[in-house]
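K.L.:
Contents of upload15.pdb (PDB, C-alpha atoms, pLDDT in the B column) are below:
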```pdb
ATOM      1  CA  MET Z  23      20.751   9.061   3.658  1.00 35.00           C
ATOM      2  CA  ARG Z  24      19.734   9.174   0.074  1.00 39.00           C
ATOM      3  CA  ILE Z  25      17.247   7.138  -1.873  1.00 43.00           C
ATOM      4  CA  LEU Z  26      17.148   7.128  -5.646  1.00 40.00           C
ATOM      5  CA  ALA Z  27      13.568   7.672  -6.715  1.00 37.00           C
ATOM      6  CA  ALA Z  28      11.813   5.417  -9.192  1.00 34.00           C
ATOM      7  CA  THR Z  29      12.396   8.022 -11.887  1.00 31.00           C
ATOM      8  CA  LEU Z  30      16.118   7.382 -11.529  1.00 33.00           C
ATOM      9  CA  LEU Z  31      15.580   3.746 -12.246  1.00 35.00           C
ATOM     10  CA  THR Z  32      13.115   4.728 -14.932  1.00 31.00           C
ATOM     11  CA  ALA Z  33      15.678   6.876 -16.713  1.00 32.00           C
ATOM     12  CA  SER Z  34      18.298   4.152 -16.632  1.00 32.00           C
ATOM     13  CA  ALA Z  35      16.489   0.820 -16.477  1.00 33.00           C
ATOM     14  CA  LEU Z  36      12.831   1.176 -17.369  1.00 31.00           C
ATOM     15  CA  THR Z  37      13.320   0.394 -21.036  1.00 29.00           C
ATOM     16  CA  VAL Z  38      14.603  -2.999 -19.944  1.00 34.00           C
ATOM     17  CA  VAL Z  39      12.341  -3.881 -17.009  1.00 36.00           C
ATOM     18  CA  GLY Z  40       9.066  -1.929 -17.220  1.00 41.00           C
ATOM     19  CA  CYS Z  41       6.969  -0.565 -14.376  1.00 47.00           C
ATOM     20  CA  TYR Z  42       3.643  -0.951 -12.616  1.00 44.00           C
ATOM     21  CA  ARG Z  43       1.238   1.599 -11.191  1.00 41.00           C
ATOM     22  CA  ALA Z  44      -0.382   0.218  -8.064  1.00 42.00           C
ATOM     23  CA  ASP Z  45      -4.059   0.659  -7.324  1.00 39.00           C
ATOM     24  CA  PRO Z  46      -4.477   0.919  -3.520  1.00 36.00           C
ATOM     25  CA  MET Z  47      -7.689  -1.128  -3.647  1.00 36.00           C
ATOM     26  CA  GLU Z  48      -6.020  -3.802  -5.774  1.00 42.00           C
ATOM     27  CA  ALA Z  49      -3.068  -3.951  -3.375  1.00 39.00           C
ATOM     28  CA  GLY Z  50      -5.468  -4.830  -0.555  1.00 37.00           C
ATOM     29  CA  LEU Z  51      -3.563  -2.914   2.107  1.00 33.00           C
ATOM     30  CA  THR Z  52      -5.575  -1.316   4.862  1.00 30.00           C
ATOM     31  CA  ASP Z  53      -2.732   0.591   6.491  1.00 36.00           C
ATOM     32  CA  ARG Z  54       0.785   1.782   5.717  1.00 37.00           C
ATOM     33  CA  ARG Z  55       2.712  -0.501   8.093  1.00 44.00           C
ATOM     34  CA  MET Z  56       5.159  -3.116   6.900  1.00 47.00           C
ATOM     35  CA  THR Z  57       3.242  -6.242   5.963  1.00 44.00           C
ATOM     36  CA  SER Z  58       4.353  -9.845   5.640  1.00 53.00           C
ATOM     37  CA  SER Z  59       3.913  -9.507   1.881  1.00 54.00           C
ATOM     38  CA  ILE Z  60       6.686  -6.870   1.792  1.00 56.00           C
ATOM     39  CA  VAL Z  61       8.945  -9.314   3.593  1.00 56.00           C
ATOM     40  CA  GLN Z  62       8.088 -11.908   0.937  1.00 54.00           C
ATOM     41  CA  LYS Z  63       8.913  -9.419  -1.813  1.00 53.00           C
ATOM     42  CA  ALA Z  64      12.236  -8.772  -0.122  1.00 53.00           C
ATOM     43  CA  SER Z  65      13.387 -12.227  -1.253  1.00 81.00           C
ATOM     44  CA  SER Z  66      14.156 -10.356  -4.469  1.00 89.00           C
ATOM     45  CA  VAL Z  67      16.832  -8.477  -2.491  1.00 91.00           C
ATOM     46  CA  VAL Z  68      20.357  -9.899  -2.684  1.00 93.00           C
ATOM     47  CA  ARG Z  69      23.730  -9.230  -1.096  1.00 93.00           C
ATOM     48  CA  VAL Z  70      26.266  -8.145  -3.726  1.00 95.00           C
ATOM     49  CA  ASP Z  71      29.778  -9.349  -2.803  1.00 94.00           C
ATOM     50  CA  LEU Z  72      32.778  -7.904  -4.600  1.00 94.00           C
ATOM     51  CA  ALA Z  73      36.143  -9.395  -5.493  1.00 91.00           C
ATOM     52  CA  GLY Z  74      38.722  -8.096  -3.055  1.00 84.00           C
ATOM     53  CA  GLY Z  75      36.165  -7.545  -0.280  1.00 87.00           C
ATOM     54  CA  GLY Z  76      33.280  -5.236   0.362  1.00 89.00           C
ATOM     55  CA  HIS Z  77      29.605  -5.673  -0.333  1.00 92.00           C
ATOM     56  CA  GLY Z  78      26.353  -3.898  -0.979  1.00 93.00           C
ATOM     57  CA  SER Z  79      22.793  -4.896  -1.746  1.00 94.00           C
ATOM     58  CA  GLY Z  80      20.667  -5.138  -4.885  1.00 95.00           C
ATOM     59  CA  VAL Z  81      17.147  -5.982  -6.015  1.00 95.00           C
ATOM     60  CA  ASN Z  82      15.983  -8.193  -8.892  1.00 94.00           C
ATOM     61  CA  ILE Z  83      13.576  -6.386 -11.179  1.00 93.00           C
ATOM     62  CA  GLY Z  84      12.558  -8.417 -14.209  1.00 89.00           C
ATOM     63  CA  GLY Z  85      15.753 -10.490 -14.405  1.00 93.00           C
ATOM     64  CA  LEU Z  86      18.255  -7.692 -13.792  1.00 96.00           C
ATOM     65  CA  VAL Z  87      19.666  -6.935 -10.373  1.00 96.00           C
ATOM     66  CA  ILE Z  88      19.629  -3.176  -9.817  1.00 96.00           C
ATOM     67  CA  THR Z  89      22.126  -1.742  -7.314  1.00 96.00           C
ATOM     68  CA  ALA Z  90      23.926   1.526  -6.596  1.00 95.00           C
ATOM     69  CA  ALA Z  91      26.703   2.396  -9.051  1.00 95.00           C
ATOM     70  CA  HIS Z  92      29.138   3.093  -6.214  1.00 93.00           C
ATOM     71  CA  VAL Z  93      28.672  -0.509  -4.993  1.00 95.00           C
ATOM     72  CA  VAL Z  94      30.108  -2.003  -8.210  1.00 96.00           C
ATOM     73  CA  LYS Z  95      32.317   0.859  -9.383  1.00 94.00           C
ATOM     74  CA  GLY Z  96      35.325  -0.534 -11.227  1.00 94.00           C
ATOM     75  CA  GLN Z  97      33.997  -4.115 -11.134  1.00 95.00           C
ATOM     76  CA  THR Z  98      33.083  -6.316 -14.106  1.00 96.00           C
ATOM     77  CA  SER Z  99      31.416  -9.037 -12.022  1.00 97.00           C
ATOM     78  CA  ALA Z 100      29.995  -9.723  -8.579  1.00 97.00           C
ATOM     79  CA  THR Z 101      28.713 -12.618  -6.494  1.00 97.00           C
ATOM     80  CA  LEU Z 102      25.052 -12.561  -5.473  1.00 96.00           C
ATOM     81  CA  HIS Z 103      23.944 -14.139  -2.183  1.00 92.00           C
ATOM     82  CA  LEU Z 104      20.250 -14.989  -2.100  1.00 88.00           C
ATOM     83  CA  ASP Z 105      18.039 -15.358   0.962  1.00 82.00           C
ATOM     84  CA  ASN Z 106      17.864 -19.143   0.465  1.00 81.00           C
ATOM     85  CA  ASP Z 107      21.638 -19.418   1.057  1.00 83.00           C
ATOM     86  CA  THR Z 108      22.435 -19.950  -2.617  1.00 88.00           C
ATOM     87  CA  VAL Z 109      25.111 -18.026  -4.488  1.00 94.00           C
ATOM     88  CA  GLN Z 110      25.440 -17.110  -8.136  1.00 95.00           C
ATOM     89  CA  ALA Z 111      27.714 -15.025 -10.307  1.00 97.00           C
ATOM     90  CA  ALA Z 112      26.585 -11.857 -12.046  1.00 97.00           C
ATOM     91  CA  GLU Z 113      28.082  -9.655 -14.744  1.00 98.00           C
ATOM     92  CA  VAL Z 114      28.049  -5.870 -14.362  1.00 97.00           C
ATOM     93  CA  LEU Z 115      26.146  -4.745 -17.487  1.00 97.00           C
ATOM     94  CA  TRP Z 116      26.225  -0.977 -17.052  1.00 94.00           C
ATOM     95  CA  VAL Z 117      26.873   1.726 -14.505  1.00 96.00           C
ATOM     96  CA  ASN Z 118      25.365   5.222 -14.464  1.00 94.00           C
ATOM     97  CA  GLU Z 119      27.276   7.321 -11.931  1.00 91.00           C
ATOM     98  CA  LYS Z 120      25.135  10.412 -12.581  1.00 88.00           C
ATOM     99  CA  TYR Z 121      22.134   8.601 -11.071  1.00 88.00           C
ATOM    100  CA  ASP Z 122      24.203   6.175  -8.933  1.00 92.00           C
ATOM    101  CA  VAL Z 123      22.503   3.124 -10.429  1.00 94.00           C
ATOM    102  CA  ALA Z 124      23.915  -0.047 -12.019  1.00 97.00           C
ATOM    103  CA  ALA Z 125      22.506  -3.216 -13.559  1.00 97.00           C
ATOM    104  CA  LEU Z 126      23.860  -6.711 -13.004  1.00 97.00           C
ATOM    105  CA  ALA Z 127      22.981  -9.796 -15.070  1.00 97.00           C
ATOM    106  CA  PRO Z 128      22.762 -12.885 -12.848  1.00 97.00           C
ATOM    107  CA  ILE Z 129      23.650 -16.171 -14.557  1.00 96.00           C
ATOM    108  CA  HIS Z 130      20.357 -17.732 -13.366  1.00 93.00           C
ATOM    109  CA  PRO Z 131      17.895 -14.815 -13.114  1.00 91.00           C
ATOM    110  CA  LYS Z 132      14.831 -17.072 -12.835  1.00 89.00           C
ATOM    111  CA  LYS Z 133      16.203 -18.518  -9.592  1.00 89.00           C
ATOM    112  CA  ILE Z 134      15.810 -15.130  -7.898  1.00 89.00           C
ATOM    113  CA  SER Z 135      12.400 -13.792  -6.908  1.00 88.00           C
ATOM    114  CA  TYR Z 136      11.659 -10.452  -8.506  1.00 89.00           C
ATOM    115  CA  SER Z 137       9.925  -7.269  -7.489  1.00 91.00           C
ATOM    116  CA  THR Z 138       7.907  -4.773  -9.497  1.00 91.00           C
ATOM    117  CA  LEU Z 139       9.206  -1.279 -10.206  1.00 91.00           C
ATOM    118  CA  SER Z 140       6.798   1.595  -9.573  1.00 91.00           C
ATOM    119  CA  CYS Z 141       6.705   4.632 -11.856  1.00 84.00           C
ATOM    120  CA  ALA Z 142       5.573   6.913  -9.025  1.00 85.00           C
ATOM    121  CA  ASN Z 143       8.010   9.129  -7.139  1.00 85.00           C
ATOM    122  CA  PRO Z 144       7.800   8.774  -3.380  1.00 89.00           C
ATOM    123  CA  VAL Z 145       6.753  12.039  -1.721  1.00 91.00           C
ATOM    124  CA  ARG Z 146       7.139  13.541   1.728  1.00 93.00           C
ATOM    125  CA  GLY Z 147       5.174  11.556   4.290  1.00 94.00           C
ATOM    126  CA  ASP Z 148       5.176   8.235   2.403  1.00 94.00           C
ATOM    127  CA  GLU Z 149       6.063   5.281   4.571  1.00 92.00           C
ATOM    128  CA  ILE Z 150       8.641   2.920   3.120  1.00 92.00           C
ATOM    129  CA  VAL Z 151      10.530  -0.245   3.952  1.00 90.00           C
ATOM    130  CA  THR Z 152      14.163  -0.646   2.947  1.00 89.00           C
ATOM    131  CA  ALA Z 153      15.657  -4.099   2.527  1.00 88.00           C
ATOM    132  CA  GLY Z 154      19.276  -5.107   2.269  1.00 87.00           C
ATOM    133  CA  SER Z 155      22.369  -6.485   3.940  1.00 85.00           C
ATOM    134  CA  PRO Z 156      23.905  -3.839   6.181  1.00 82.00           C
ATOM    135  CA  GLY Z 157      27.044  -4.715   8.108  1.00 78.00           C
ATOM    136  CA  ARG Z 158      27.226  -8.436   8.754  1.00 77.00           C
ATOM    137  CA  GLU Z 159      23.462  -8.951   8.637  1.00 79.00           C
ATOM    138  CA  ASP Z 160      21.484 -10.212   5.658  1.00 79.00           C
ATOM    139  CA  ASP Z 161      17.802  -9.825   4.887  1.00 75.00           C
ATOM    140  CA  LEU Z 162      17.014  -6.871   7.144  1.00 80.00           C
ATOM    141  CA  TYR Z 163      13.799  -4.912   6.631  1.00 83.00           C
ATOM    142  CA  ILE Z 164      14.010  -1.369   7.958  1.00 86.00           C
ATOM    143  CA  PRO Z 165      10.913   0.859   8.100  1.00 89.00           C
ATOM    144  CA  GLY Z 166      11.255   4.554   7.362  1.00 91.00           C
ATOM    145  CA  THR Z 167       9.522   7.663   6.095  1.00 93.00           C
ATOM    146  CA  ILE Z 168      10.148   9.936   3.118  1.00 93.00           C
ATOM    147  CA  VAL Z 169      11.040  13.349   4.592  1.00 94.00           C
ATOM    148  CA  GLY Z 170      11.821  15.352   1.444  1.00 91.00           C
ATOM    149  CA  ASN Z 171      10.626  15.512  -2.141  1.00 88.00           C
ATOM    150  CA  GLU Z 172      12.767  14.660  -5.163  1.00 87.00           C
ATOM    151  CA  ARG Z 173      15.713  17.006  -5.729  1.00 87.00           C
ATOM    152  CA  LYS Z 174      19.158  17.238  -7.246  1.00 87.00           C
ATOM    153  CA  SER Z 175      21.940  16.725  -4.731  1.00 85.00           C
ATOM    154  CA  ALA Z 176      25.498  16.734  -6.059  1.00 80.00           C
ATOM    155  CA  PRO Z 177      26.904  14.484  -7.289  1.00 79.00           C
ATOM    156  CA  TRP Z 178      23.533  12.772  -7.998  1.00 79.00           C
ATOM    157  CA  GLU Z 179      21.037  14.024 -10.526  1.00 82.00           C
ATOM    158  CA  SER Z 180      18.006  13.001  -8.470  1.00 82.00           C
ATOM    159  CA  VAL Z 181      17.494  11.889  -4.862  1.00 86.00           C
ATOM    160  CA  VAL Z 182      14.674  11.590  -2.367  1.00 89.00           C
ATOM    161  CA  VAL Z 183      15.526  12.047   1.319  1.00 89.00           C
ATOM    162  CA  ALA Z 184      14.276   9.474   3.818  1.00 90.00           C
ATOM    163  CA  ALA Z 185      14.558   8.975   7.578  1.00 90.00           C
ATOM    164  CA  ILE Z 186      15.980   5.459   7.925  1.00 85.00           C
ATOM    165  CA  PRO Z 187      18.889   4.014   9.879  1.00 80.00           C
ATOM    166  CA  ALA Z 188      21.757   3.177   7.542  1.00 73.00           C
ATOM    167  CA  THR Z 189      25.111   1.461   7.689  1.00 74.00           C
ATOM    168  CA  GLY Z 190      27.686   0.080   5.269  1.00 77.00           C
ATOM    169  CA  GLY Z 191      26.320  -2.663   3.008  1.00 80.00           C
ATOM    170  CA  ILE Z 192      22.765  -1.328   2.696  1.00 86.00           C
ATOM    171  CA  SER Z 193      23.687   0.678  -0.436  1.00 91.00           C
ATOM    172  CA  GLY Z 194      21.825  -0.569  -3.489  1.00 93.00           C
ATOM    173  CA  GLY Z 195      19.104  -2.276  -1.444  1.00 92.00           C
ATOM    174  CA  ALA Z 196      15.437  -2.000  -2.331  1.00 92.00           C
ATOM    175  CA  VAL Z 197      13.069   0.681  -1.087  1.00 92.00           C
ATOM    176  CA  PHE Z 198       9.488  -0.628  -1.091  1.00 92.00           C
ATOM    177  CA  ASP Z 199       6.332   1.468  -0.970  1.00 91.00           C
ATOM    178  CA  GLN Z 200       3.138   0.455   0.848  1.00 87.00           C
ATOM    179  CA  PHE Z 201       1.993  -1.402  -2.272  1.00 88.00           C
ATOM    180  CA  GLU Z 202       5.047  -3.711  -2.244  1.00 88.00           C
ATOM    181  CA  ASN Z 203       6.596  -2.042  -5.299  1.00 92.00           C
ATOM    182  CA  VAL Z 204      10.200  -0.877  -5.572  1.00 93.00           C
ATOM    183  CA  VAL Z 205      10.286   2.933  -5.599  1.00 92.00           C
ATOM    184  CA  GLY Z 206      14.053   3.306  -5.327  1.00 90.00           C
ATOM    185  CA  ILE Z 207      17.327   1.988  -3.989  1.00 91.00           C
ATOM    186  CA  THR Z 208      19.331   3.106  -0.988  1.00 88.00           C
TER     187      THR Z 208
END
```
Could you rewrite the structure in this file as structure tokens?
P.N.:
Amino acid sequence: MRILAATLLTASALTVVGCYRADPMEAGLTDRRMTSSIVQKASSVVRVDLAGGGHGSGVNIGGLVITAAHVVKGQTSATLHLDNDTVQAAEVLWVNEKYDVAALAPIHPKKISYSTLSCANPVRGDEIVTAGSPGREDDLYIPGTIVGNERKSAPWESVVVAAIPATGGISGGAVFDQFENVVGIT
């Protein structure tokens, strides 16, 4: 399982969406377990349906839905399914296969909750929560742990290895740190 670190998103999307450095005291978390606030942040996570079948996941960061490039490869548009059972169209703005990241422009971005992108790379031992739509399930929150530091792993320029269960459809979903910030995508 691979997770694209925040620096991947930074290299490709940060000029558009910005980032936030969390202060542990400001975050108000007393432990590293999944909190209800992470579940609330996960409403920024959408299912990305493709014409002709297939799906992945994505996360709204500042009005753009970020997903994995391999989810939307060869597509010019996608349909976003939100956690409130609404649907909206999105245009594929750009795809960066080197970092396996893509940006989608939803037609009504303000109708999707958004999450904050962290500038910090996750490191070995960090606890995380992934969110997405694996298989036929939507809005799943899967706890995990970072088990390796950032590295190059062909064909991707930068990955961080995590111990999380994975299945088809989770690709492009958000990876949240203990401060409720997005630190990568699956």
K.L.:
Name every residue that the PyMOL selection byres ((chain Z and resi 110) around 9) selects in this structure, writing the answer as a PDB file with C-alpha atoms, in the frame of the given file with chains first and numbers rising.
P.N.:
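Wrote part.pdb, looks like this:
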```pdb
ATOM      1  CA  ALA Z 100      29.995  -9.723  -8.579  1.00 97.00           C
ATOM      2  CA  THR Z 101      28.713 -12.618  -6.494  1.00 97.00           C
ATOM      3  CA  LEU Z 102      25.052 -12.561  -5.473  1.00 96.00           C
ATOM      4  CA  HIS Z 103      23.944 -14.139  -2.183  1.00 92.00           C
ATOM      5  CA  LEU Z 104      20.250 -14.989  -2.100  1.00 88.00           C
ATOM      6  CA  THR Z 108      22.435 -19.950  -2.617  1.00 88.00           C
ATOM      7  CA  VAL Z 109      25.111 -18.026  -4.488  1.00 94.00           C
ATOM      8  CA  ALA Z 111      27.714 -15.025 -10.307  1.00 97.00           C
ATOM      9  CA  ALA Z 112      26.585 -11.857 -12.046  1.00 97.00           C
ATOM     10  CA  PRO Z 128      22.762 -12.885 -12.848  1.00 97.00           C
ATOM     11  CA  ILE Z 129      23.650 -16.171 -14.557  1.00 96.00           C
ATOM     12  CA  HIS Z 130      20.357 -17.732 -13.366  1.00 93.00           C
TER      13      HIS Z 130
END
```
K.L.:
Scan for residues within 10 Å of the point (9.9, 2.7, -2.2) in the coordinates of the file, using all atoms listed in the file, and reply as a ChimeraX atom specification.
P.N.:
/Z:25-28,139-140,142-145,148-152,166-168,196-208
K.L.:
Using all atoms listed in the file, which residue out of Z:Ser79, Z:Ser135, Z:Ser99, Z:Thr89 lies closest to Val123 in chain Z?
P.N.:
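Of Z:Ser79, Z:Ser135, Z:Ser99, Z:Thr89, the one nearest Val123 in chain Z is Z:Thr89, counting all atoms listed in the file.
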K.L.:
Starting from the displayed file, determine the output of the PyMOL selection byres ((chain Z and resi 81-87) around 10) and express the residue list as an mmCIF file with C-alpha atoms, in the coordinates of the input.
P.N.:
```
data_model
loop_
_atom_site.group_PDB
_atom_site.id
_atom_site.type_symbol
_atom_site.label_atom_id
_atom_site.label_comp_id
_atom_site.auth_asym_id
_atom_site.auth_seq_id
_atom_site.Cartn_x
_atom_site.Cartn_y
_atom_site.Cartn_z
ATOM 1 C CA ALA Z 35 16.489 0.820 -16.477
ATOM 2 C CA LEU Z 36 12.831 1.176 -17.369
ATOM 3 C CA VAL Z 38 14.603 -2.999 -19.944
ATOM 4 C CA VAL Z 39 12.341 -3.881 -17.009
ATOM 5 C CA GLY Z 40 9.066 -1.929 -17.220
ATOM 6 C CA CYS Z 41 6.969 -0.565 -14.376
ATOM 7 C CA LYS Z 63 8.913 -9.419 -1.813
ATOM 8 C CA ALA Z 64 12.236 -8.772 -0.122
ATOM 9 C CA SER Z 65 13.387 -12.227 -1.253
ATOM 10 C CA SER Z 66 14.156 -10.356 -4.469
ATOM 11 C CA VAL Z 67 16.832 -8.477 -2.491
ATOM 12 C CA VAL Z 68 20.357 -9.899 -2.684
ATOM 13 C CA ARG Z 69 23.730 -9.230 -1.096
ATOM 14 C CA VAL Z 70 26.266 -8.145 -3.726
ATOM 15 C CA SER Z 79 22.793 -4.896 -1.746
ATOM 16 C CA GLY Z 80 20.667 -5.138 -4.885
ATOM 17 C CA ILE Z 88 19.629 -3.176 -9.817
ATOM 18 C CA THR Z 89 22.126 -1.742 -7.314
ATOM 19 C CA LEU Z 102 25.052 -12.561 -5.473
ATOM 20 C CA ALA Z 112 26.585 -11.857 -12.046
ATOM 21 C CA GLU Z 113 28.082 -9.655 -14.744
ATOM 22 C CA VAL Z 114 28.049 -5.870 -14.362
ATOM 23 C CA LEU Z 115 26.146 -4.745 -17.487
ATOM 24 C CA ALA Z 124 23.915 -0.047 -12.019
ATOM 25 C CA ALA Z 125 22.506 -3.216 -13.559
ATOM 26 C CA LEU Z 126 23.860 -6.711 -13.004
ATOM 27 C CA ALA Z 127 22.981 -9.796 -15.070
ATOM 28 C CA PRO Z 128 22.762 -12.885 -12.848
ATOM 29 C CA ILE Z 129 23.650 -16.171 -14.557
ATOM 30 C CA HIS Z 130 20.357 -17.732 -13.366
ATOM 31 C CA PRO Z 131 17.895 -14.815 -13.114
ATOM 32 C CA LYS Z 132 14.831 -17.072 -12.835
ATOM 33 C CA LYS Z 133 16.203 -18.518 -9.592
ATOM 34 C CA ILE Z 134 15.810 -15.130 -7.898
ATOM 35 C CA SER Z 135 12.400 -13.792 -6.908
ATOM 36 C CA TYR Z 136 11.659 -10.452 -8.506
ATOM 37 C CA SER Z 137 9.925 -7.269 -7.489
ATOM 38 C CA THR Z 138 7.907 -4.773 -9.497
ATOM 39 C CA LEU Z 139 9.206 -1.279 -10.206
ATOM 40 C CA ALA Z 153 15.657 -4.099 2.527
ATOM 41 C CA GLY Z 154 19.276 -5.107 2.269
ATOM 42 C CA GLY Z 194 21.825 -0.569 -3.489
ATOM 43 C CA GLY Z 195 19.104 -2.276 -1.444
ATOM 44 C CA ALA Z 196 15.437 -2.000 -2.331
ATOM 45 C CA VAL Z 197 13.069 0.681 -1.087
ATOM 46 C CA VAL Z 204 10.200 -0.877 -5.572
ATOM 47 C CA GLY Z 206 14.053 3.306 -5.327
ATOM 48 C CA ILE Z 207 17.327 1.988 -3.989
#
```
K.L.:
Distance CA of Val94 in chain Z-CA of Gly191 in chain Z, one decimal place?
P.N.:
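Going from CA of Val94 in chain Z over to CA of Gly191 in chain Z, I get 11.9 Å.
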K.L.:
Could you tell me which of Z:Ala91, Z:Ala73, Z:Ile164, Z:Val169 comes closest to Val182 in chain Z if we count all atoms listed in the file?
P.N.:
Z:Val169
K.L.:
Can you turn the PyMOL selection byres ((chain Z and resi 172-178) around 7) into a concrete residue list for this file, as a PyMOL selection string?
P.N.:
chain Z and resi 120-122+170-171+179-182
K.L.:
Figure out the distance between CA of Arg146 in chain Z and CA of Val117 in chain Z, please, to one decimal in Å.
P.N.:
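CA of Arg146 in chain Z lies 28.2 Å from CA of Val117 in chain Z.
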K.L.:
So how far away is CA of Ala90 in chain Z from CA of Pro165 in chain Z, in Å?
P.N.:
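A separation of 19.6 Å between them.
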K.L.:
Would you mind telling me which residue in Z:Gly147, Z:Asp105, Z:Glu159, Z:Gly78 lies nearest to Ala185 in chain Z when using only C-alpha atoms?
P.N.:
Z:Gly147
K.L.:
Go through Z:Cys141, Z:Leu162, Z:Ile186, Z:Ile192 one by one, measure the shortest atom-to-atom distance of each to Asp71 in chain Z using all atoms listed in the file, and give the residue with the smallest value.
P.N.:
Z:Ile192
K.L.:
Could you complete range 71-84 of chain Z so that it carries N, CA, C and O atoms, and give it back as a short mmCIF file (atom, residue, chain, number, x, y, z; two decimals), in the frame of the given file?
P.N.:
```
data_model
loop_
_atom_site.label_atom_id
_atom_site.label_comp_id
_atom_site.auth_asym_id
_atom_site.auth_seq_id
_atom_site.Cartn_x
_atom_site.Cartn_y
_atom_site.Cartn_z
N ASP Z 71 28.40 -9.26 -3.28
CA ASP Z 71 29.78 -9.35 -2.80
C ASP Z 71 30.74 -9.04 -3.94
O ASP Z 71 30.52 -9.46 -5.08
N LEU Z 72 31.81 -8.35 -3.60
CA LEU Z 72 32.78 -7.90 -4.60
C LEU Z 72 34.11 -8.61 -4.43
O LEU Z 72 34.52 -8.92 -3.30
N ALA Z 73 34.79 -8.83 -5.54
CA ALA Z 73 36.14 -9.40 -5.49
C ALA Z 73 37.03 -8.43 -4.71
O ALA Z 73 36.94 -7.22 -4.88
N GLY Z 74 37.85 -8.94 -3.85
CA GLY Z 74 38.72 -8.10 -3.06
C GLY Z 74 38.08 -7.57 -1.79
O GLY Z 74 38.67 -6.77 -1.08
N GLY Z 75 36.85 -7.98 -1.50
CA GLY Z 75 36.16 -7.54 -0.28
C GLY Z 75 35.14 -6.47 -0.54
O GLY Z 75 35.07 -5.88 -1.60
N GLY Z 76 34.34 -6.22 0.45
CA GLY Z 76 33.28 -5.24 0.36
C GLY Z 76 32.00 -5.84 -0.18
O GLY Z 76 32.03 -6.87 -0.86
N HIS Z 77 30.89 -5.21 0.17
CA HIS Z 77 29.60 -5.67 -0.33
C HIS Z 77 28.59 -4.55 -0.29
O HIS Z 77 28.79 -3.52 0.35
N GLY Z 78 27.50 -4.79 -0.98
CA GLY Z 78 26.35 -3.90 -0.98
C GLY Z 78 25.12 -4.76 -1.11
O GLY Z 78 25.16 -5.96 -0.84
N SER Z 79 24.05 -4.18 -1.56
CA SER Z 79 22.79 -4.90 -1.75
C SER Z 79 22.27 -4.59 -3.15
O SER Z 79 22.74 -3.68 -3.81
N GLY Z 80 21.30 -5.36 -3.59
CA GLY Z 80 20.67 -5.14 -4.88
C GLY Z 80 19.28 -5.74 -4.88
O GLY Z 80 18.91 -6.46 -3.95
N VAL Z 81 18.51 -5.45 -5.92
CA VAL Z 81 17.15 -5.98 -6.02
C VAL Z 81 16.89 -6.45 -7.44
O VAL Z 81 17.24 -5.75 -8.41
N ASN Z 82 16.30 -7.63 -7.59
CA ASN Z 82 15.98 -8.19 -8.89
C ASN Z 82 14.67 -7.60 -9.39
O ASN Z 82 13.63 -7.73 -8.76
N ILE Z 83 14.76 -6.95 -10.53
CA ILE Z 83 13.58 -6.39 -11.18
C ILE Z 83 13.57 -6.92 -12.60
O ILE Z 83 14.37 -6.51 -13.43
N GLY Z 84 12.71 -7.89 -12.86
CA GLY Z 84 12.56 -8.42 -14.21
C GLY Z 84 13.78 -9.12 -14.77
O GLY Z 84 14.01 -9.08 -15.96
#
```
